[in-house]
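A.B. asks: Dropping a structure here in structure tokens format, bear with me for questions.
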Amino acid sequence: PVSAQSLGLRRLRVYATICDTAQGSGGELPSVPPASLTVGMGPEMSLQPLVPALARGVVHLWQVRLDEVRPWYATFLETLSPGERMRAVRYRVSEVRERFVRTRGSLRALLSKYCGRPAPSIDLAVGRYGKPYVASSDFARLSFNLAHSGNLAMYAFAHGWEVGIDVERPQQVVWTRSMLRAVFSEDEQAYLATLDLPERQWAACRMWTMKEAKAKATGLGLGRSLRADKPACRISACRWYTFEVTSEYIATVALYCRDGFKDQTWALIHFHFPG
């Protein structure tokens with residue numbers, strides 16, 4: 001018999017947050033989870049029986065500690081496409097190469113759950129501005145996005161809405177005046193100038209994750225004038241939720257619906273793996 005220990009079973013903590021789509025919102029996720037699940041991420045990479053179906057109006061947000069999935073590096077490498085493996089080889093710094101494999105391998109493991117297909121068989125493509133998607137008409141309504149900073153990777157999945165995610169570790173970012181001018185409007189810069197340095201670091205990262213998550217949700221890319229308010233990000237078409245991830249990271253998940261949002265609320269289900 002196969003033991004739980006041999007399969008590397010871990011605790012998966014699940015948080016549920018109800019977000020108001022009337023406007024962009026933010027805050028901290030609940031500190032006490034309403035439910036806990038046990039999940040196996042051994043060689044079978046199976047999450048299917050343990051995670052609820054992805055319904056419209058619900059966003060699944062996965063939080064992965066990259067050091068915790070280090071034991072599955074070889075398994076992850078085997079699930080990558082030939083193009084992804086070639087990309088990994090091009091990273092000369094081993095730490096960067098291994099982080100790419102663990103980040104991409106975790107993505108494929110999760111996509112395997114949502115698509116119901118083996119991870120290596122999932123064909124990924126990118127849009128005009130670099131947003132990835134599953135290249136199959138069977139999953140045209142599935143939207144996903146990923147971001148990582150330091151030892152943390154985050155993945156967002158939605159059905160029927162476009163989704164974007166960004167995460168930053170403020171302690172790792174030094175905001176120079178030239179950087180602030182490049183990415184923030186004059187009003188935003190004036191607001192940041194009123195804050196002392198530690199508070200400015202967090203505020204700037206919070207605002208930056210909002211910009212990047214919304215740009216990724218719309219699929220337009222950051223290069224299309226960060227300082228301008230794009231029509232695609234108008235308040236009726238884009239929603240976002242900003243929150244602190246532990247005491248080190250800050251993140252924003254954004255949703256985009258070209259025709260606007262008819263529902264008044266949406267649910268954000270936050271999975272921690274490993275717990």
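Ligands are numbered from 1 in the order shown, residues from 1 within each chain, and chains are lettered A, B, ... in the order they appear in the structure tokens.
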Would you mind listing what lies within 8 Å of stretch 124-138 of chain A as a list in words, with only C-alpha atoms counted and same-chain residues fewer than 4 positions away left out?

C.D. replies: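 Skipping anything fewer than 4 positions along the chain leaves Leu142, Ser143, Phe144, Asn145, Lys216, Gly219, Leu220 and Gly221 of chain A.
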
A.B. asks: Please determine, counting only C-alpha atoms, which residue among A:Leu180, A:Leu107, A:Val58, A:Ala217 has the shortest atom-to-atom distance to A:Phe76.

C.D. replies: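 When distances to A:Phe76 are compared using only C-alpha atoms, the smallest one comes from A:Leu107.
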
A.B. asks: Can you list every residue in stretch 140-266 of chain A that DSSP puts in strand (DSSP E), as a ChimeraX atom specification?

C.D. replies: /A:142-149,152-159,162-168,238-245,249-256,265-266

A.B. asks: If you keep C-alpha atoms, can you produce a file of those selected residues as a compact mmCIF listing (two decimals), in the first residue's frame?

C.D. replies:
# COMPACT_ATOMS: atom_id res chain seq x y z
CA LEU A 142 -10.64 29.34 -19.21
CA SER A 143 -8.44 32.28 -18.25
CA PHE A 144 -5.34 32.07 -16.10
CA ASN A 145 -2.37 34.16 -15.14
CA LEU A 146 0.74 33.81 -13.01
CA ALA A 147 3.25 35.98 -11.19
CA HIS A 148 6.18 35.35 -8.89
CA SER A 149 8.44 37.32 -6.60
CA LEU A 152 6.45 33.00 -3.89
CA ALA A 153 4.50 32.13 -7.02
CA MET A 154 0.81 32.93 -7.47
CA TYR A 155 -1.64 31.59 -10.06
CA ALA A 156 -5.14 32.89 -10.81
CA PHE A 157 -7.84 30.97 -12.71
CA ALA A 158 -11.26 32.19 -13.87
CA HIS A 159 -14.04 31.04 -16.20
CA GLU A 162 -10.09 37.47 -18.16
CA VAL A 163 -7.86 37.41 -15.09
CA GLY A 164 -4.51 38.98 -14.16
CA ILE A 165 -2.30 38.62 -11.11
CA ASP A 166 0.77 40.39 -9.80
CA VAL A 167 2.77 39.99 -6.59
CA GLU A 168 5.68 42.01 -5.22
CA CYS A 238 -12.27 45.95 -14.78
CA ARG A 239 -12.37 44.86 -11.13
CA TRP A 240 -9.50 44.16 -8.76
CA TYR A 241 -8.71 43.09 -5.24
CA THR A 242 -5.45 44.03 -3.49
CA PHE A 243 -4.26 42.26 -0.37
CA GLU A 244 -1.21 41.46 1.70
CA VAL A 245 0.25 37.98 1.34
CA TYR A 249 4.33 40.30 -0.04
CA ILE A 250 1.53 42.32 -1.55
CA ALA A 251 -0.61 41.16 -4.48
CA THR A 252 -3.47 42.22 -6.71
CA VAL A 253 -5.83 39.99 -8.69
CA ALA A 254 -7.78 41.73 -11.47
CA LEU A 255 -10.73 40.73 -13.63
CA TYR A 256 -11.67 42.09 -17.04
CA THR A 265 -20.11 40.16 -6.23
CA TRP A 266 -17.46 37.61 -7.06

A.B. asks: What does the distance from atom CA of A:Asn151 to atom CA of A:Trp202 come to in Å, to one decimal?

C.D. replies: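 We find that atom CA of A:Asn151 and atom CA of A:Trp202 lie 18.3 Å from each other.
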
A.B. asks: So how many Å separate atom CA of A:Val89 and atom CA of A:Trp72, to one decimal?

C.D. replies: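 Atom-to-atom, atom CA of A:Val89 to atom CA of A:Trp72, that is 17.6 Å.
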
A.B. asks: So how many Å separate atom CA of A:Ser247 and atom CA of A:Pro71, to one decimal?

C.D. replies: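 Taking atom CA of A:Ser247 and atom CA of A:Pro71, their separation equals 25.9 Å.
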
A.B. asks: I need the residue nearest A:Trp62 from this list: A:Glu212, A:Glu248, A:Tyr91, A:His270. Use only C-alpha atoms for the distance.

C.D. replies: A:His270

A.B. asks: Which of these residues is nearest to A:Gly83, using only C-alpha atoms: A:Arg181, A:Arg104, A:Gln171, A:Arg206?

C.D. replies: A:Arg104

A.B. asks: Write out as a ChimeraX atom specification all residues of stretch 30-158 of chain A that backbone DSSP assigns to helix (DSSP H, G or I).

C.D. replies: /A:70-79,82-90,94-115,119-121,137-139
